[in-house]
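First up is the structure itself, then whatever we jot down about it.
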Amino acid sequence: MERSIGAQGVHTPAFRLLTGAWITSLVGDGVRTVALPLYTAVSTRSPLAASAVAVAVVLPWLLVALPAGVLVDRWRPRLVVAVAHTFRALVTGLLAWAVFTDSAGVALLCALGFLLTSAETFADSASQVLLVELAGPADLEAANSRFVTAETVGMDLVGPLAASLLFWWHPAACFALDALTFVVAAVFVARVPEVARPEAARPERTGTVRGQFTEGIAYLFRQPGLRVLVLAVGVSAVCAAAVNAMLSLYSITVLGLPEEWVPWLVVVMSLGALSGARLSPVLAARLGGAPVMVGALALLGVAFAVFGGVPWVPVAVVAAFCFGLASAGWNVLSATRRQRLTPVPMMGRVTSAYRVLAWGLSPIGAGLAGPLAAATTLGTVYLVAGGVVVLTAAVLARPLART
């Protein structure tokens, strides 16, 4: 029998347990997000290898996320998150062993990166269900702000700092720590009360998986507000994937940063993201959500272009801060808008469909970044990405205001 979640809100013990699981697992994600491309860059010095690994890491958002969302709506979300974390602990442990024994070639890095993100698609959709149910409608903005803050502290601040120290000692230690964080996060999630979803919130288990994820996509396109969000996130995700794929290589070869200092750029981004997560709800209350979202997109594009156009470390630091500030501001407000426009019975399917259409295009950006950098320069990747994001902000300003 499922246990009732009891009181809702961000101050409840259940939500604090969920937040603990987020922070713990996201610290590991932050270590791996820095260490995997850095290890690839250091061991290969190849833009094409960096691009290949980046594509493998984001490809599951295109291939796996939709069926994952349908299955999440059929299964118990707490169990899904716990199993996903356990699976990721095992895979990351294998990655640590491969790096330690110098047997981690590009093909293996791609394969393990694909498996880790595949499990993440399940955990992400199920966590969205838990967030909405545990927070309740009144605390959605606060819940999303806390999630982005946890993501920033864990994935963009503590994780990269740990990666900087551990990578200098031994790259394999980064992935070993990642595996440990997933074990701890699974323990946290196991203590979260199971969401007692009403019968109306449960999809018909007799329907086909294909039919149910088609329903999720159809709902996205029927809702004008969701259509606009998907378009904005899709374009920016392609550009961000291109930027992220080349970050380590650009930092080492163009900015001239020592390898152990590369994670500090991610730390700077996290400081900007912490500011963005805090400021965006306040600014949205005063100015309206749409103007703040458009401003965040425009700032992100300008920061991309400046980062690649002015290869000077002080400028790169300021631009990196703006990366985080703009991304977090957009993420808090767009997630809240999406959740308010999505019925609870379809939360898993719509979330996964949204991820597929928004993030599933990321392999295009990551895949194009390497050949574009090889044919031109690494800085060109940032200039092109920045221009596309600024243009997107200008084109979608009015549609976002209308929805």
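Every chain in the structure tokens has a letter given in the order shown (A, B, ...), and although residue numbers restart at 1 in each chain, ligands are simply numbered from 1 in the order shown.
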Exercise for the section: Write out as a VMD selection string each polymer residue whose atoms come within 8 Å of segment 220-230 of chain A, counting only C-alpha atoms; drop sequence neighbours fewer than 2 positions from it. Expected result: chain A and resid 216 to 218 232 to 234 334 338 341 350 353 to 354 357 to 358 396 399 to 400 403
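Residues in contact range of segment 45-59 of chain A, defined as at most 7 Å between only C-alpha atoms, with sequence neighbours fewer than 3 positions away removed, read A:Pro37, A:Thr40, A:Ala41, A:Val42, A:Leu62, A:Leu63, A:Val106, A:Leu109, A:Cys110, A:Gly113, A:Phe114, A:Thr117, A:Ala245, A:Gly360, A:Ser362, A:Pro363, A:Ala366, A:Gly367, A:Ala369, A:Gly370, A:Pro371, A:Ala374.
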Handout entry: Every residue of segment 39-263 of chain A that DSSP places in alpha helix (DSSP H), as a VMD selection string
Key = chain A and resid 39 to 44 47 to 58 60 to 63 65 to 74 77 to 100 106 to 135 140 to 151 159 to 169 171 to 190 209 to 222 224 to 253 262 to 263
Handout entry: Nearest to Pro345 of chain A, chosen from A:Leu165, A:Val72, A:Val34, A:Leu17, with only C-alpha atoms counted in the distances
Key = A:Val72
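In this model, the gap between atom CA of Thr33 of chain A and atom CA of Asp178 of chain A comes to 10.0 Å.
Straight-line separation from atom CA of Arg402 of chain A to atom CA of Val235 of chain A: 19.6 Å.
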Handout entry: Close residues, Thr152 of chain A itself excluded, 10 Å, only C-alpha atoms, min 4 positions apart in chain, as a ChimeraX atom specification
Key = /A:23,26-27,30,146-148,156-159,266-267,269-277,324,328
Kindly save the residues from that selection, with N, CA and C atoms included, as a PDB file, in the first residue's frame.
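Written file, again-v5.pdb:
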ATOM      1  N   ILE A  23      20.532  17.304  -4.076  1.00  0.00           N
ATOM      2  CA  ILE A  23      21.849  17.901  -3.858  1.00  0.00           C
ATOM      3  C   ILE A  23      22.942  16.842  -3.935  1.00  0.00           C
ATOM      4  N   LEU A  26      23.357  15.523  -7.485  1.00  0.00           N
ATOM      5  CA  LEU A  26      23.823  16.581  -8.374  1.00  0.00           C
ATOM      6  C   LEU A  26      25.283  16.944  -8.119  1.00  0.00           C
ATOM      7  N   VAL A  27      25.767  16.733  -6.902  1.00  0.00           N
ATOM      8  CA  VAL A  27      27.204  16.902  -6.667  1.00  0.00           C
ATOM      9  C   VAL A  27      27.981  15.920  -7.548  1.00  0.00           C
ATOM     10  N   GLY A  30      27.831  16.964 -11.065  1.00  0.00           N
ATOM     11  CA  GLY A  30      28.729  18.085 -11.309  1.00  0.00           C
ATOM     12  C   GLY A  30      30.169  17.637 -11.470  1.00  0.00           C
ATOM     13  N   ARG A 146      14.126  26.246  -5.424  1.00  0.00           N
ATOM     14  CA  ARG A 146      14.987  25.403  -4.594  1.00  0.00           C
ATOM     15  C   ARG A 146      15.668  24.325  -5.414  1.00  0.00           C
ATOM     16  N   PHE A 147      14.938  23.795  -6.399  1.00  0.00           N
ATOM     17  CA  PHE A 147      15.555  22.785  -7.251  1.00  0.00           C
ATOM     18  C   PHE A 147      16.709  23.386  -8.051  1.00  0.00           C
ATOM     19  N   VAL A 148      16.491  24.537  -8.660  1.00  0.00           N
ATOM     20  CA  VAL A 148      17.566  25.169  -9.429  1.00  0.00           C
ATOM     21  C   VAL A 148      18.730  25.539  -8.517  1.00  0.00           C
ATOM     22  N   ASP A 156      27.022  22.663 -10.163  1.00  0.00           N
ATOM     23  CA  ASP A 156      27.847  23.723 -10.730  1.00  0.00           C
ATOM     24  C   ASP A 156      28.842  24.339  -9.755  1.00  0.00           C
ATOM     25  N   LEU A 157      28.723  24.028  -8.462  1.00  0.00           N
ATOM     26  CA  LEU A 157      29.631  24.630  -7.491  1.00  0.00           C
ATOM     27  C   LEU A 157      30.453  23.564  -6.769  1.00  0.00           C
ATOM     28  N   VAL A 158      29.800  22.763  -5.943  1.00  0.00           N
ATOM     29  CA  VAL A 158      30.526  21.769  -5.154  1.00  0.00           C
ATOM     30  C   VAL A 158      31.135  20.696  -6.064  1.00  0.00           C
ATOM     31  N   GLY A 159      30.354  20.213  -7.032  1.00  0.00           N
ATOM     32  CA  GLY A 159      30.851  19.179  -7.935  1.00  0.00           C
ATOM     33  C   GLY A 159      32.107  19.592  -8.691  1.00  0.00           C
ATOM     34  N   VAL A 266      33.314  26.651 -14.332  1.00  0.00           N
ATOM     35  CA  VAL A 266      31.988  26.123 -14.000  1.00  0.00           C
ATOM     36  C   VAL A 266      31.543  26.649 -12.638  1.00  0.00           C
ATOM     37  N   VAL A 267      32.498  26.800 -11.723  1.00  0.00           N
ATOM     38  CA  VAL A 267      32.168  27.374 -10.418  1.00  0.00           C
ATOM     39  C   VAL A 267      31.657  28.795 -10.571  1.00  0.00           C
ATOM     40  N   MET A 269      30.168  30.004 -13.168  1.00  0.00           N
ATOM     41  CA  MET A 269      28.808  29.874 -13.710  1.00  0.00           C
ATOM     42  C   MET A 269      27.814  29.599 -12.593  1.00  0.00           C
ATOM     43  N   SER A 270      28.217  28.758 -11.644  1.00  0.00           N
ATOM     44  CA  SER A 270      27.299  28.399 -10.566  1.00  0.00           C
ATOM     45  C   SER A 270      26.970  29.600  -9.692  1.00  0.00           C
ATOM     46  N   LEU A 271      27.946  30.479  -9.480  1.00  0.00           N
ATOM     47  CA  LEU A 271      27.673  31.680  -8.689  1.00  0.00           C
ATOM     48  C   LEU A 271      26.645  32.560  -9.406  1.00  0.00           C
ATOM     49  N   GLY A 272      26.774  32.649 -10.720  1.00  0.00           N
ATOM     50  CA  GLY A 272      25.764  33.376 -11.484  1.00  0.00           C
ATOM     51  C   GLY A 272      24.412  32.705 -11.409  1.00  0.00           C
ATOM     52  N   ALA A 273      24.416  31.355 -11.467  1.00  0.00           N
ATOM     53  CA  ALA A 273      23.144  30.622 -11.412  1.00  0.00           C
ATOM     54  C   ALA A 273      22.455  30.793 -10.066  1.00  0.00           C
ATOM     55  N   LEU A 274      23.222  30.809  -8.987  1.00  0.00           N
ATOM     56  CA  LEU A 274      22.624  31.041  -7.675  1.00  0.00           C
ATOM     57  C   LEU A 274      21.925  32.392  -7.640  1.00  0.00           C
ATOM     58  N   SER A 275      22.564  33.393  -8.220  1.00  0.00           N
ATOM     59  CA  SER A 275      21.941  34.722  -8.287  1.00  0.00           C
ATOM     60  C   SER A 275      20.687  34.687  -9.140  1.00  0.00           C
ATOM     61  N   GLY A 276      20.751  33.985 -10.284  1.00  0.00           N
ATOM     62  CA  GLY A 276      19.593  33.911 -11.160  1.00  0.00           C
ATOM     63  C   GLY A 276      18.416  33.194 -10.541  1.00  0.00           C
ATOM     64  N   ALA A 277      18.691  32.112  -9.806  1.00  0.00           N
ATOM     65  CA  ALA A 277      17.608  31.366  -9.154  1.00  0.00           C
ATOM     66  C   ALA A 277      16.916  32.202  -8.093  1.00  0.00           C
ATOM     67  N   GLY A 324      25.516  31.426 -16.187  1.00  0.00           N
ATOM     68  CA  GLY A 324      24.742  30.873 -15.077  1.00  0.00           C
ATOM     69  C   GLY A 324      23.563  31.730 -14.698  1.00  0.00           C
ATOM     70  N   ALA A 328      19.802  30.029 -15.180  1.00  0.00           N
ATOM     71  CA  ALA A 328      18.986  29.742 -14.001  1.00  0.00           C
ATOM     72  C   ALA A 328      17.703  30.562 -14.011  1.00  0.00           C
TER      73      ALA A 328
END
Any chance you could tabulate, as a Markdown table, the residues of segment 87-166 of chain A at most 12 Å from segment 282-289 of chain A with each one's nearest atom pair and distance in Å to one decimal, using only C-alpha atoms, in chain and rising number order?
| residue | atom | partner | partner_atom | distance |
| --- | --- | --- | --- | --- |
| A:Glu141 | CA | A:Val282 | CA | 10.4 |
| A:Ala142 | CA | A:Val282 | CA | 10.9 |
| A:Ser145 | CA | A:Val282 | CA | 10.8 |
Exercise for the section: For segment 254-263 of chain A, work out the shell of residues within 8 Å, counting only C-alpha atoms and skipping chain neighbours fewer than 6 positions away, then give it as number ranges by chain. Expected result: A: 34, 38, 42, 160-161, 163-165, 167-168, 248, 311-313, 378
Pull all heavy atoms from the residues just selected and write them as a short mmCIF file (atom, residue, chain, number, x, y, z; two decimals), in the first residue's frame.
data_model
loop_
_atom_site.label_atom_id
_atom_site.label_comp_id
_atom_site.auth_asym_id
_atom_site.auth_seq_id
_atom_site.Cartn_x
_atom_site.Cartn_y
_atom_site.Cartn_z
N VAL A 34 32.09 17.83 -15.39
CA VAL A 34 33.38 18.47 -15.63
C VAL A 34 34.44 17.44 -16.00
O VAL A 34 35.21 17.62 -16.95
CB VAL A 34 33.82 19.26 -14.39
CG1 VAL A 34 35.26 19.73 -14.53
CG2 VAL A 34 32.91 20.46 -14.17
N LEU A 38 36.64 16.85 -19.66
CA LEU A 38 38.03 17.22 -19.39
C LEU A 38 38.95 16.02 -19.63
O LEU A 38 40.02 16.16 -20.24
CB LEU A 38 38.16 17.73 -17.97
CG LEU A 38 39.54 18.25 -17.54
CD1 LEU A 38 40.02 19.36 -18.47
CD2 LEU A 38 39.49 18.73 -16.09
N VAL A 42 41.86 15.97 -22.42
CA VAL A 42 43.26 15.76 -22.02
C VAL A 42 43.83 14.50 -22.67
O VAL A 42 44.98 14.47 -23.11
CB VAL A 42 43.37 15.68 -20.49
CG1 VAL A 42 44.76 15.21 -20.06
CG2 VAL A 42 43.06 17.03 -19.87
N PRO A 160 32.08 20.74 -9.39
CA PRO A 160 33.29 21.18 -10.09
C PRO A 160 34.48 21.44 -9.17
O PRO A 160 35.63 21.16 -9.55
CB PRO A 160 32.84 22.47 -10.78
CG PRO A 160 31.39 22.28 -11.00
CD PRO A 160 30.91 21.54 -9.77
N LEU A 161 34.22 21.98 -7.97
CA LEU A 161 35.33 22.18 -7.02
C LEU A 161 35.96 20.84 -6.65
O LEU A 161 37.19 20.70 -6.61
CB LEU A 161 34.82 22.89 -5.77
CG LEU A 161 34.56 24.39 -5.89
CD1 LEU A 161 33.90 24.91 -4.62
CD2 LEU A 161 35.84 25.15 -6.17
N ALA A 163 35.83 18.15 -8.47
CA ALA A 163 36.48 17.64 -9.68
C ALA A 163 37.86 18.26 -9.86
O ALA A 163 38.81 17.59 -10.27
CB ALA A 163 35.61 17.93 -10.90
N SER A 164 37.97 19.55 -9.56
CA SER A 164 39.25 20.24 -9.70
C SER A 164 40.32 19.59 -8.82
O SER A 164 41.46 19.39 -9.25
CB SER A 164 39.09 21.71 -9.33
OG SER A 164 40.32 22.41 -9.44
N LEU A 165 39.96 19.25 -7.59
CA LEU A 165 40.91 18.64 -6.67
C LEU A 165 41.19 17.18 -7.02
O LEU A 165 42.34 16.74 -7.06
CB LEU A 165 40.39 18.74 -5.24
CG LEU A 165 40.22 20.16 -4.68
CD1 LEU A 165 39.53 20.11 -3.31
CD2 LEU A 165 41.56 20.87 -4.57
N PHE A 167 40.66 15.51 -9.91
CA PHE A 167 41.26 15.28 -11.22
C PHE A 167 42.77 15.44 -11.14
O PHE A 167 43.53 14.72 -11.79
CB PHE A 167 40.67 16.24 -12.25
CG PHE A 167 40.89 15.82 -13.68
CD1 PHE A 167 39.96 15.03 -14.33
CD2 PHE A 167 42.05 16.18 -14.36
CE1 PHE A 167 40.16 14.63 -15.64
CE2 PHE A 167 42.26 15.78 -15.67
CZ PHE A 167 41.32 15.00 -16.31
N TRP A 168 43.21 16.41 -10.33
CA TRP A 168 44.65 16.63 -10.15
C TRP A 168 45.29 15.42 -9.48
O TRP A 168 46.42 15.05 -9.80
CB TRP A 168 44.86 17.89 -9.32
CG TRP A 168 46.28 18.15 -8.93
CD1 TRP A 168 47.27 18.67 -9.71
CD2 TRP A 168 46.87 17.87 -7.66
NE1 TRP A 168 48.45 18.74 -9.01
CE2 TRP A 168 48.23 18.25 -7.74
CE3 TRP A 168 46.39 17.35 -6.45
CZ2 TRP A 168 49.12 18.14 -6.67
CZ3 TRP A 168 47.26 17.21 -5.38
CH2 TRP A 168 48.61 17.61 -5.50
N SER A 248 35.93 22.68 -22.37
CA SER A 248 37.22 22.26 -21.83
C SER A 248 38.34 22.52 -22.83
O SER A 248 39.42 23.04 -22.47
CB SER A 248 37.18 20.78 -21.44
OG SER A 248 36.31 20.57 -20.36
N PRO A 311 38.86 36.31 -26.31
CA PRO A 311 39.55 35.24 -25.58
C PRO A 311 40.55 35.77 -24.56
O PRO A 311 41.76 35.62 -24.68
CB PRO A 311 40.26 34.47 -26.70
CG PRO A 311 40.50 35.49 -27.76
CD PRO A 311 39.32 36.43 -27.70
N TRP A 312 40.01 36.37 -23.52
CA TRP A 312 40.81 36.93 -22.43
C TRP A 312 40.18 36.44 -21.13
O TRP A 312 38.96 36.55 -20.94
CB TRP A 312 40.80 38.45 -22.52
CG TRP A 312 41.71 39.15 -21.54
CD1 TRP A 312 42.92 38.73 -21.10
CD2 TRP A 312 41.43 40.39 -20.88
NE1 TRP A 312 43.45 39.64 -20.22
CE2 TRP A 312 42.56 40.67 -20.06
CE3 TRP A 312 40.37 41.29 -20.91
CZ2 TRP A 312 42.63 41.81 -19.26
CZ3 TRP A 312 40.44 42.43 -20.12
CH2 TRP A 312 41.56 42.69 -19.31
N VAL A 313 40.96 35.90 -20.24
CA VAL A 313 40.43 35.23 -19.05
C VAL A 313 39.49 36.10 -18.23
O VAL A 313 38.41 35.64 -17.84
CB VAL A 313 41.58 34.68 -18.18
CG1 VAL A 313 41.05 34.15 -16.85
CG2 VAL A 313 42.31 33.57 -18.92
N LEU A 378 37.69 27.46 -32.57
CA LEU A 378 36.85 27.16 -31.42
C LEU A 378 35.98 28.35 -31.05
O LEU A 378 34.82 28.20 -30.65
CB LEU A 378 37.72 26.76 -30.23
CG LEU A 378 38.37 25.37 -30.31
CD1 LEU A 378 39.49 25.25 -29.28
CD2 LEU A 378 37.34 24.28 -30.10
#
Exercise for the section: Calculate how many Å separate atom CA of Leu333 of chain A from atom CA of Pro60 of chain A, rounding to one decimal. Expected result: 24.7 Å
Completion exercise
One residue among A:Val389, A:Val238, A:Leu249, A:Met346 is nearest to Ala303 of chain A when using only C-alpha atoms, and that residue is A:Val389
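Considering only C-alpha atoms, the residue among A:His85, A:Asn331, A:Leu368, A:Val31 positioned nearest to Ala162 of chain A is A:Val31.
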